[in-house]
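Content type compact mmCIF, C-alpha atoms, from the file target_6.txt:
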```txt
# COMPACT_ATOMS: atom_id res chain seq x y z
CA MET X 1 5.53 -22.00 6.01
CA LEU X 2 2.13 -20.42 5.53
CA LEU X 3 2.04 -16.62 5.26
CA ILE X 4 -0.66 -14.04 4.58
CA ALA X 5 -0.14 -10.68 2.89
CA LYS X 6 -2.79 -8.03 3.57
CA THR X 7 -3.77 -5.41 0.97
CA PHE X 8 -6.60 -3.17 -0.26
CA ALA X 9 -9.79 -4.58 -1.76
CA GLY X 10 -9.26 -4.86 -5.49
CA CYS X 11 -5.46 -5.18 -5.25
CA GLU X 12 -5.35 -8.88 -4.41
CA GLU X 13 -4.49 -10.09 -7.94
CA ILE X 14 -1.60 -7.67 -8.45
CA LEU X 15 -0.24 -8.55 -4.98
CA SER X 16 -0.44 -12.25 -5.85
CA GLN X 17 1.64 -11.56 -8.97
CA GLU X 18 4.22 -9.68 -6.90
CA LEU X 19 4.51 -12.57 -4.45
CA GLU X 20 4.86 -15.18 -7.19
CA ALA X 21 7.62 -13.11 -8.82
CA LEU X 22 9.49 -13.29 -5.50
CA GLY X 23 9.13 -17.08 -5.38
CA ALA X 24 5.90 -17.62 -3.44
CA THR X 25 4.05 -20.88 -4.06
CA GLU X 26 0.51 -22.08 -3.40
CA THR X 27 -0.86 -18.53 -3.65
CA ARG X 28 -4.56 -18.18 -2.89
CA ILE X 29 -6.52 -14.95 -3.18
CA LEU X 30 -8.63 -14.03 -0.16
CA THR X 31 -10.62 -10.90 0.67
CA ARG X 32 -8.11 -8.04 0.97
CA ALA X 33 -5.34 -10.60 1.37
CA VAL X 34 -3.27 -13.27 -0.37
CA GLU X 35 -2.30 -16.53 1.31
CA PHE X 36 0.97 -18.14 0.18
CA GLU X 37 3.75 -20.55 1.07
CA GLY X 38 7.37 -19.49 1.52
CA ASP X 39 10.47 -19.77 3.66
CA LEU X 40 12.08 -17.26 6.02
CA ALA X 41 13.95 -15.56 3.17
CA LEU X 42 10.72 -15.07 1.24
CA MET X 43 9.06 -13.53 4.29
CA TYR X 44 11.89 -11.01 4.50
CA LYS X 45 11.74 -10.35 0.73
CA ALA X 46 7.96 -9.87 0.78
CA ASN X 47 8.32 -7.18 3.43
CA LEU X 48 11.08 -5.41 1.52
CA HIS X 49 9.82 -5.77 -2.05
CA CYS X 50 6.00 -6.01 -2.12
CA ARG X 51 4.63 -2.67 -3.25
CA THR X 52 0.94 -3.38 -2.73
CA ALA X 53 1.13 -5.23 0.60
CA LEU X 54 0.16 -3.56 3.88
CA ARG X 55 1.61 -6.22 6.16
CA ILE X 56 2.86 -9.81 6.11
CA LEU X 57 1.37 -12.10 8.78
CA LYS X 58 2.59 -15.51 9.92
CA PRO X 59 -0.31 -17.62 11.27
CA MET X 60 0.93 -19.49 14.34
CA TYR X 61 -2.00 -20.92 16.33
CA HIS X 62 -5.55 -22.01 15.56
CA PHE X 63 -8.10 -22.78 18.25
CA GLU X 64 -11.76 -22.44 19.19
CA ALA X 65 -12.79 -19.30 21.07
CA ALA X 66 -16.54 -19.28 21.61
CA ASP X 67 -16.32 -16.75 24.45
CA GLU X 68 -13.80 -14.56 26.27
CA ASP X 69 -12.94 -17.27 28.82
CA MET X 70 -12.00 -19.73 26.08
CA LEU X 71 -9.94 -17.05 24.35
CA TYR X 72 -8.09 -16.26 27.59
CA HIS X 73 -7.48 -19.94 28.35
CA GLU X 74 -6.16 -20.84 24.88
CA ILE X 75 -3.79 -17.87 24.77
CA GLN X 76 -2.51 -18.70 28.26
CA ASN X 77 -1.67 -22.21 27.04
CA ILE X 78 0.89 -20.74 24.58
CA ASP X 79 4.44 -20.53 25.96
CA TRP X 80 5.03 -16.84 25.24
CA LYS X 81 8.61 -16.70 26.48
CA GLN X 82 9.52 -18.79 23.41
CA HIS X 83 8.41 -15.87 21.22
CA PHE X 84 9.39 -12.67 23.00
CA SER X 85 11.04 -11.61 26.22
CA LEU X 86 9.86 -9.84 29.33
CA HIS X 87 11.80 -6.73 28.33
CA GLN X 88 10.16 -6.40 24.92
CA THR X 89 6.99 -4.37 24.38
CA PHE X 90 4.02 -5.92 22.58
CA ALA X 91 0.65 -5.02 21.12
CA ILE X 92 -2.42 -6.99 20.04
CA ASN X 93 -4.92 -6.22 17.28
CA ALA X 94 -8.15 -8.21 17.01
CA THR X 95 -10.76 -8.46 14.27
CA LEU X 96 -14.08 -10.28 14.67
CA ASN X 97 -16.38 -11.65 11.99
CA GLN X 98 -19.69 -13.29 12.92
CA SER X 99 -18.23 -14.02 16.35
CA SER X 100 -20.11 -14.48 19.61
CA LEU X 101 -17.58 -12.08 21.14
CA ASP X 102 -19.06 -8.63 20.95
CA HIS X 103 -16.13 -6.23 20.64
CA SER X 104 -12.69 -6.43 19.04
CA LEU X 105 -11.11 -4.13 21.63
CA TYR X 106 -12.40 -6.32 24.45
CA ALA X 107 -11.06 -9.45 22.72
CA ALA X 108 -7.64 -7.78 22.38
CA LEU X 109 -7.77 -6.80 26.06
CA LYS X 110 -8.53 -10.38 27.18
CA ALA X 111 -5.67 -11.67 25.02
CA LYS X 112 -3.34 -9.06 26.50
CA ASP X 113 -4.38 -10.06 30.03
CA ALA X 114 -3.65 -13.73 29.29
CA ILE X 115 -0.12 -12.94 28.13
CA VAL X 116 0.63 -10.49 30.93
CA ASP X 117 -0.73 -12.86 33.58
CA GLN X 118 1.46 -15.70 32.27
CA PHE X 119 4.64 -13.62 32.50
CA ARG X 120 3.67 -12.29 35.94
CA ASP X 121 2.93 -15.81 37.28
CA GLU X 122 6.26 -17.15 36.00
CA THR X 123 8.60 -14.20 36.64
CA GLY X 124 6.83 -11.85 39.04
CA ASP X 125 7.02 -9.11 36.41
CA ARG X 126 5.18 -8.22 33.21
CA PRO X 127 6.07 -6.93 29.73
CA ASN X 128 4.77 -3.51 28.72
CA VAL X 129 2.22 -2.78 26.02
CA ASP X 130 3.12 -0.23 23.34
CA VAL X 131 0.34 0.25 20.82
CA GLU X 132 2.36 2.65 18.64
CA GLN X 133 5.74 0.97 18.07
CA PRO X 134 5.84 -2.39 19.85
CA ASP X 135 8.74 -4.77 19.56
CA PHE X 136 6.31 -7.63 18.94
CA ARG X 137 2.89 -7.32 17.31
CA ILE X 138 0.18 -10.01 17.46
CA HIS X 139 -2.94 -10.25 15.28
CA ILE X 140 -6.05 -12.17 16.29
CA HIS X 141 -8.77 -12.98 13.77
CA ILE X 142 -11.94 -14.69 14.96
CA TYR X 143 -14.44 -15.98 12.42
CA GLU X 144 -17.51 -17.43 14.10
CA ASP X 145 -15.82 -19.41 16.91
CA ASN X 146 -12.55 -20.12 15.10
CA CYS X 147 -9.55 -18.07 16.14
CA THR X 148 -6.31 -17.63 14.18
CA LEU X 149 -3.45 -16.00 16.04
CA SER X 150 -0.72 -14.57 13.80
CA PHE X 151 2.59 -12.81 14.31
CA ASP X 152 3.05 -9.58 12.36
CA SER X 153 6.39 -9.67 10.54
CA SER X 154 6.01 -6.11 9.21
CA GLY X 155 5.54 -4.02 12.32
CA GLU X 156 4.32 -0.63 11.17
CA SER X 157 2.20 -0.86 8.02
CA LEU X 158 4.28 -1.42 4.89
CA HIS X 159 2.65 1.53 3.14
CA LYS X 160 4.68 3.80 5.41
CA ARG X 161 7.77 3.69 3.23
CA GLY X 162 9.78 6.24 5.20
CA TYR X 163 10.20 8.82 2.43
CA ARG X 164 6.99 10.78 2.93
CA ASP X 165 7.24 13.23 5.81
CA TYR X 166 5.08 15.84 4.14
CA THR X 167 1.57 15.38 2.78
CA ASN X 168 -1.36 17.40 1.54
CA GLN X 169 -4.85 17.18 3.06
CA ALA X 170 -5.87 13.86 1.51
CA PRO X 171 -2.74 11.98 0.39
CA ILE X 172 -3.12 8.71 -1.42
CA ASN X 173 -1.76 5.67 0.42
CA GLU X 174 1.65 4.64 -0.96
CA ALA X 175 0.67 1.01 -1.50
CA LEU X 176 -2.48 2.07 -3.33
CA ALA X 177 -0.49 4.51 -5.47
CA ALA X 178 1.88 1.67 -6.42
CA ALA X 179 -1.11 -0.50 -7.29
CA LEU X 180 -2.43 2.18 -9.66
CA VAL X 181 0.90 2.34 -11.48
CA LEU X 182 1.13 -1.46 -11.77
CA LEU X 183 -2.50 -1.81 -12.86
CA SER X 184 -2.07 0.88 -15.53
CA GLY X 185 0.25 -1.38 -17.51
CA TRP X 186 2.87 1.39 -17.80
CA ASP X 187 5.96 -0.05 -19.54
CA ARG X 188 8.35 1.79 -17.14
CA LYS X 189 9.99 3.53 -20.10
CA MET X 190 7.40 5.90 -21.58
CA PRO X 191 6.99 9.35 -20.01
CA MET X 192 4.55 9.47 -17.10
CA ALA X 193 2.71 12.50 -15.74
CA ASP X 194 0.44 13.47 -12.87
CA TYR X 195 -0.94 16.99 -13.32
CA MET X 196 -2.48 17.01 -9.81
CA CYS X 197 0.47 15.40 -8.08
CA GLY X 198 -0.13 16.67 -4.51
CA SER X 199 2.64 15.30 -2.29
CA GLY X 200 4.10 13.36 -5.24
CA THR X 201 3.22 9.85 -4.12
CA ILE X 202 2.12 8.41 -7.48
CA LEU X 203 5.22 9.74 -9.23
CA ILE X 204 7.55 8.51 -6.48
CA GLU X 205 6.04 5.03 -6.55
CA ALA X 206 6.26 4.97 -10.36
CA ALA X 207 9.92 5.97 -10.29
CA MET X 208 10.71 3.30 -7.70
CA ILE X 209 8.97 0.69 -9.86
CA ALA X 210 10.83 1.77 -13.00
CA LEU X 211 14.21 1.78 -11.25
CA ASN X 212 13.57 -1.51 -9.41
CA ILE X 213 13.99 0.23 -6.05
CA ALA X 214 12.64 -1.85 -3.17
CA PRO X 215 9.68 0.14 -1.82
CA ASN X 216 10.63 -0.37 1.81
CA LYS X 217 14.39 0.23 1.55
CA HIS X 218 13.94 3.35 3.72
CA LYS X 219 11.89 1.61 6.41
CA GLN X 220 13.69 1.89 9.74
CA ARG X 221 12.57 -1.39 11.28
CA PHE X 222 10.47 -4.44 10.47
CA GLY X 223 8.53 -6.52 12.97
CA PHE X 224 10.55 -9.67 12.25
CA GLU X 225 13.69 -7.95 13.55
CA GLY X 226 12.28 -8.38 17.08
CA TRP X 227 11.60 -12.10 16.68
CA LYS X 228 13.76 -14.63 18.50
CA ASP X 229 14.50 -16.49 15.26
CA PHE X 230 15.59 -13.33 13.41
CA ASP X 231 18.44 -14.20 11.00
CA ASP X 232 20.46 -11.00 10.81
CA ALA X 233 22.96 -12.33 8.26
CA LEU X 234 20.21 -13.52 5.92
CA TRP X 235 18.37 -10.21 6.18
CA LYS X 236 21.52 -8.17 5.48
CA GLN X 237 22.22 -10.26 2.37
CA ILE X 238 18.66 -9.81 1.08
CA TYR X 239 18.89 -6.05 1.62
CA LYS X 240 22.31 -5.92 -0.07
CA ASP X 241 20.98 -7.86 -3.07
CA ALA X 242 18.03 -5.45 -3.36
CA ILE X 243 20.32 -2.41 -3.47
CA ALA X 244 22.56 -4.09 -6.06
CA ALA X 245 19.53 -4.77 -8.31
CA GLU X 246 18.54 -1.11 -8.61
CA LEU X 247 18.67 0.37 -12.12
CA LYS X 248 20.14 3.65 -13.34
CA PRO X 249 17.57 6.31 -14.35
CA GLU X 250 18.71 6.58 -17.95
CA GLY X 251 16.08 8.43 -19.98
CA LEU X 252 13.33 8.05 -17.36
CA GLN X 253 10.91 10.99 -17.56
CA LEU X 254 8.32 11.69 -14.86
CA TYR X 255 6.44 14.97 -14.65
CA GLY X 256 4.20 16.45 -11.99
CA ALA X 257 2.28 19.64 -11.41
CA ASP X 258 0.06 21.19 -8.78
CA ILE X 259 -1.65 24.53 -8.42
CA SER X 260 -0.33 25.00 -4.87
CA GLY X 261 3.26 26.06 -4.38
CA THR X 262 3.09 24.97 -0.73
CA VAL X 263 1.99 21.47 -1.72
CA LEU X 264 4.72 21.30 -4.39
CA ASP X 265 7.33 22.22 -1.78
CA LYS X 266 6.17 19.21 0.24
CA ALA X 267 6.34 17.02 -2.87
CA ARG X 268 9.91 18.16 -3.56
CA GLN X 269 10.97 17.25 -0.04
CA ASN X 270 9.37 13.80 -0.32
CA ILE X 271 11.03 13.25 -3.70
CA GLU X 272 14.37 14.29 -2.24
CA HIS X 273 13.93 11.90 0.71
CA ALA X 274 13.25 9.10 -1.79
CA GLY X 275 16.46 9.99 -3.68
CA LEU X 276 14.57 10.77 -6.88
CA SER X 277 15.17 14.50 -7.40
CA ASP X 278 17.00 13.83 -10.69
CA VAL X 279 14.11 11.78 -12.07
CA ILE X 280 10.90 13.69 -11.27
CA ARG X 281 10.32 17.18 -12.60
CA LEU X 282 7.70 19.42 -10.98
CA ARG X 283 5.93 22.56 -12.17
CA LYS X 284 3.56 24.94 -10.40
CA CYS X 285 0.48 25.42 -12.59
CA PRO X 286 -3.20 24.50 -12.80
CA PHE X 287 -3.81 21.27 -14.68
CA GLU X 288 -5.34 23.20 -17.60
CA LYS X 289 -1.94 24.81 -18.27
CA PHE X 290 0.16 21.69 -17.75
CA PRO X 291 2.54 21.41 -20.74
CA VAL X 292 2.26 17.90 -22.16
CA PRO X 293 5.89 16.72 -22.24
CA ALA X 294 5.84 14.20 -25.09
CA GLU X 295 3.76 12.86 -27.97
CA GLU X 296 3.03 9.63 -26.10
CA GLY X 297 2.90 8.69 -22.45
CA VAL X 298 0.79 7.69 -19.48
CA LEU X 299 -1.12 10.07 -17.22
CA ILE X 300 -2.23 8.84 -13.79
CA CYS X 301 -4.18 11.27 -11.67
CA ASN X 302 -6.03 11.10 -8.36
CA PRO X 303 -8.19 14.26 -8.41
CA PRO X 304 -10.27 15.47 -5.46
CA TYR X 305 -13.44 13.47 -4.90
CA GLY X 306 -15.45 16.56 -3.97
CA LEU X 307 -15.92 15.87 -0.26
CA ARG X 308 -14.87 19.45 0.54
CA ILE X 309 -15.88 21.09 -2.74
CA GLU X 310 -19.22 22.53 -3.85
CA PRO X 311 -21.07 20.17 -6.25
CA LYS X 312 -21.02 22.65 -9.13
CA ASP X 313 -17.30 23.28 -8.68
CA ILE X 314 -16.39 19.61 -8.66
CA MET X 315 -18.51 18.91 -11.76
CA ASP X 316 -16.86 21.82 -13.53
CA MET X 317 -13.38 20.57 -12.56
CA TYR X 318 -14.01 17.08 -13.94
CA GLN X 319 -15.37 18.57 -17.16
CA ARG X 320 -12.24 20.69 -17.53
CA MET X 321 -10.11 17.60 -16.90
CA GLY X 322 -11.84 15.86 -19.80
CA ASP X 323 -11.40 18.87 -22.04
CA LYS X 324 -7.68 19.01 -21.21
CA MET X 325 -7.22 15.34 -22.07
CA LYS X 326 -9.14 15.64 -25.36
CA GLN X 327 -7.27 18.75 -26.47
CA ASP X 328 -3.71 18.19 -25.29
CA PHE X 329 -3.16 14.50 -24.45
CA LYS X 330 -3.68 13.03 -27.91
CA GLY X 331 -1.56 9.87 -28.18
CA TRP X 332 -1.55 9.34 -24.40
CA THR X 333 -3.25 6.78 -22.17
CA CYS X 334 -4.93 8.65 -19.32
CA TRP X 335 -6.00 7.06 -16.04
CA ILE X 336 -8.23 8.82 -13.50
CA PHE X 337 -8.71 7.39 -10.01
CA THR X 338 -11.81 8.78 -8.32
CA GLY X 339 -14.11 8.05 -5.42
CA ASN X 340 -16.90 10.20 -6.83
CA LEU X 341 -18.72 7.96 -9.27
CA GLU X 342 -21.38 10.57 -10.00
CA VAL X 343 -19.10 13.35 -11.20
CA ALA X 344 -16.80 11.01 -13.18
CA LYS X 345 -19.29 11.13 -16.06
CA PHE X 346 -18.60 14.86 -16.43
CA ILE X 347 -15.17 13.97 -17.84
CA GLY X 348 -17.13 13.58 -21.06
CA LEU X 349 -15.11 10.65 -22.41
CA ARG X 350 -16.00 6.99 -22.55
CA PRO X 351 -13.52 4.92 -20.51
CA SER X 352 -12.12 1.87 -22.29
CA ARG X 353 -11.70 0.14 -18.94
CA LYS X 354 -13.07 0.48 -15.40
CA MET X 355 -11.54 -1.12 -12.31
CA GLN X 356 -13.24 -1.20 -8.92
CA LEU X 357 -10.87 -0.41 -6.05
CA TYR X 358 -11.22 0.98 -2.55
CA ASN X 359 -9.43 3.92 -0.97
CA GLY X 360 -10.01 2.95 2.64
CA PRO X 361 -13.80 2.67 2.96
CA ILE X 362 -14.45 4.71 -0.22
CA GLU X 363 -15.53 2.73 -3.27
CA CYS X 364 -13.53 4.04 -6.22
CA ARG X 365 -13.06 3.54 -9.94
CA PHE X 366 -9.79 3.51 -11.85
CA LEU X 367 -10.80 4.72 -15.31
CA LYS X 368 -8.76 4.29 -18.48
CA PHE X 369 -9.12 6.78 -21.34
CA GLU X 370 -7.23 6.19 -24.58
CA ILE X 371 -6.83 9.57 -26.28
CA TYR X 372 -6.28 8.90 -29.96
CA SER X 373 -4.34 11.39 -32.08
CA GLY X 374 -6.86 11.05 -34.90
CA SER X 375 -10.20 9.28 -35.03
CA LYS X 376 -10.39 6.01 -33.14
CA LYS X 377 -11.05 4.13 -36.36
CA ALA X 378 -8.05 5.69 -38.10
CA SER X 379 -5.79 5.01 -35.12
CA LYS X 380 -6.66 1.33 -35.14
CA GLN X 381 -5.75 1.07 -38.85
CA VAL X 382 -2.24 2.50 -38.37
```
Can you turn what I pasted into structure tokens?
Amino acid sequence: MLLIAKTFAGCEEILSQELEALGATETRILTRAVEFEGDLALMYKANLHCRTALRILKPMYHFEAADEDMLYHEIQNIDWKQHFSLHQTFAINATLNQSSLDHSLYAALKAKDAIVDQFRDETGDRPNVDVEQPDFRIHIHIYEDNCTLSFDSSGESLHKRGYRDYTNQAPINEALAAALVLLSGWDRKMPMADYMCGSGTILIEAAMIALNIAPNKHKQRFGFEGWKDFDDALWKQIYKDAIAAELKPEGLQLYGADISGTVLDKARQNIEHAGLSDVIRLRKCPFEKFPVPAEEGVLICNPPYGLRIEPKDIMDMYQRMGDKMKQDFKGWTCWIFTGNLEVAKFIGLRPSRKMQLYNGPIECRFLKFEIYSGSKKASKQV
């Protein structure tokens, strides 16, 4: 069956690789999504195992919807009692692209009316809408006059892993944090550090990757569990296999620091919820005083972008970050993820690689700095 995995702009290639590793075929990269073929088991596995996916959609119906009346009529022609029951709640999300319909909320409302009216006409009663935690979630995408109606197998966004109850002011999305770790090329054995770790998300995602822990093992419920064709035995076996495949944290070293003790307390609680307290070590200190834990390793850091910081202060901070890397991180590969392209140059180092990603609507760069222990020329000759 055809499935679509949604992700962040710039993460499509890494998501495609994840899906293929799970057994997906006919993968095709789209904008902020990957289309692929797979069976029911693969749909369950994609929800459980994909670290960079936000949700897994199953396209079900395609039809023309040039106006709201056509949309209403086509949705009313679907036999909805085959898909969910009167006693289940549902929700509809709509996105429009170059459509003659003017507003996505209005399109979702017309689709909702069509479903509710069908149930009321046939049973005299109607199912309830729950926009927060529905039993059954429907996605409508209209491009020009072509409508694709999909069922959401994930339910709540897959980035909400279930371990992070506590965050700082601007936490990085879990799926994006996982993408940074995967894109960094970290070998899952070398020490890793984040000297501005905030709520600990990058370190938690890195530890889960290294230990082969399914990112959504803590998720309470998936959308597919409310579907009429839900195979409980198959799902339980897939979950059991995922737990059995986890690795022991022998020799794994992950280190984090933050200047705020309050923020570090939140990170510790998140790490504990993820079951990783024995793997990630935290220290309260400014990044300038962070003790580099090994001769070689990988640093991944998501510093403030400066949206709430004075321009001079943010420039000074990025300059001090560069100084710290040059002085203390010799032998390390350092990655900085920033949405402030102007101040990134104050790091004072030439990145060996730049990747364009998006943190929500913010255009960002993931910058790689190779900090050689001697001169670059001498290091290449060794």
Pick from X:Asn270, X:Thr31, X:Thr123, X:Asn173 nearest to Ser157 (chain X), counting only C-alpha atoms = X:Asn173
inquiry  = Using all atoms listed in the file, which protein or nucleic acid residues come within 7 Å of Ala193 (chain X)? Drop anything in the same chain fewer than 2 positions from it, and give the result as a ChimeraX atom specification.
reply    = /X:191,195,254-256,298-300
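For the pair CA of Leu357 (chain X) and CA of Glu18 (chain X), the separation is 17.7 Å.
Counting only C-alpha atoms, the residue from X:Cys147, X:Ala91, X:Leu252, X:Leu247 that sits nearest to Arg188 (chain X) is X:Leu252.
Minimum atom-to-atom distance to Ile238 (chain X), evaluated using only C-alpha atoms, belongs to X:Tyr44 out of X:Gly251, X:His139, X:Tyr44, X:Leu57.
In this structure, CA of Ala41 (chain X) sits 27.7 Å away from CA of Phe63 (chain X).
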query = Quick one: of X:Asp265, X:Asp229, X:Asp241, X:Pro286, who's nearest to Ile213 (chain X), counting all atoms listed in the file?
reply = X:Asp241
inquiry  = With only C-alpha atoms as the counted atoms, please give the residues lying no more than 12 Å from Asp258 (chain X), apart from itself and same-chain residues fewer than 6 positions off, as a list in words.
reply    = Asn168, Ala193, Asp194, Tyr195, Met196, Cys197, Gly198, Ser199, Gly200, Leu264, Asp265, Lys266, Ala267, Arg268, Arg281, Leu282, Arg283, Lys284, Cys285, Pro286, Phe287, Glu288, Lys289, Phe290, Cys301, Asn302 and Pro303 of chain X
Filtering to C-alpha atoms, could you give me those residues as a short mmCIF file (atom, residue, chain, number, x, y, z; two decimals), in the coordinates of the input?
```cif
data_model
loop_
_atom_site.label_atom_id
_atom_site.label_comp_id
_atom_site.auth_asym_id
_atom_site.auth_seq_id
_atom_site.Cartn_x
_atom_site.Cartn_y
_atom_site.Cartn_z
CA ASN X 168 -1.36 17.40 1.54
CA ALA X 193 2.71 12.50 -15.74
CA ASP X 194 0.44 13.47 -12.87
CA TYR X 195 -0.94 16.99 -13.32
CA MET X 196 -2.48 17.01 -9.81
CA CYS X 197 0.47 15.40 -8.08
CA GLY X 198 -0.13 16.67 -4.51
CA SER X 199 2.64 15.30 -2.29
CA GLY X 200 4.10 13.36 -5.24
CA LEU X 264 4.72 21.30 -4.39
CA ASP X 265 7.33 22.22 -1.78
CA LYS X 266 6.17 19.21 0.24
CA ALA X 267 6.34 17.02 -2.87
CA ARG X 268 9.91 18.16 -3.56
CA ARG X 281 10.32 17.18 -12.60
CA LEU X 282 7.70 19.42 -10.98
CA ARG X 283 5.93 22.56 -12.17
CA LYS X 284 3.56 24.94 -10.40
CA CYS X 285 0.48 25.42 -12.59
CA PRO X 286 -3.20 24.50 -12.80
CA PHE X 287 -3.81 21.27 -14.68
CA GLU X 288 -5.34 23.20 -17.60
CA LYS X 289 -1.94 24.81 -18.27
CA PHE X 290 0.16 21.69 -17.75
CA CYS X 301 -4.18 11.27 -11.67
CA ASN X 302 -6.03 11.10 -8.36
CA PRO X 303 -8.19 14.26 -8.41
#
```
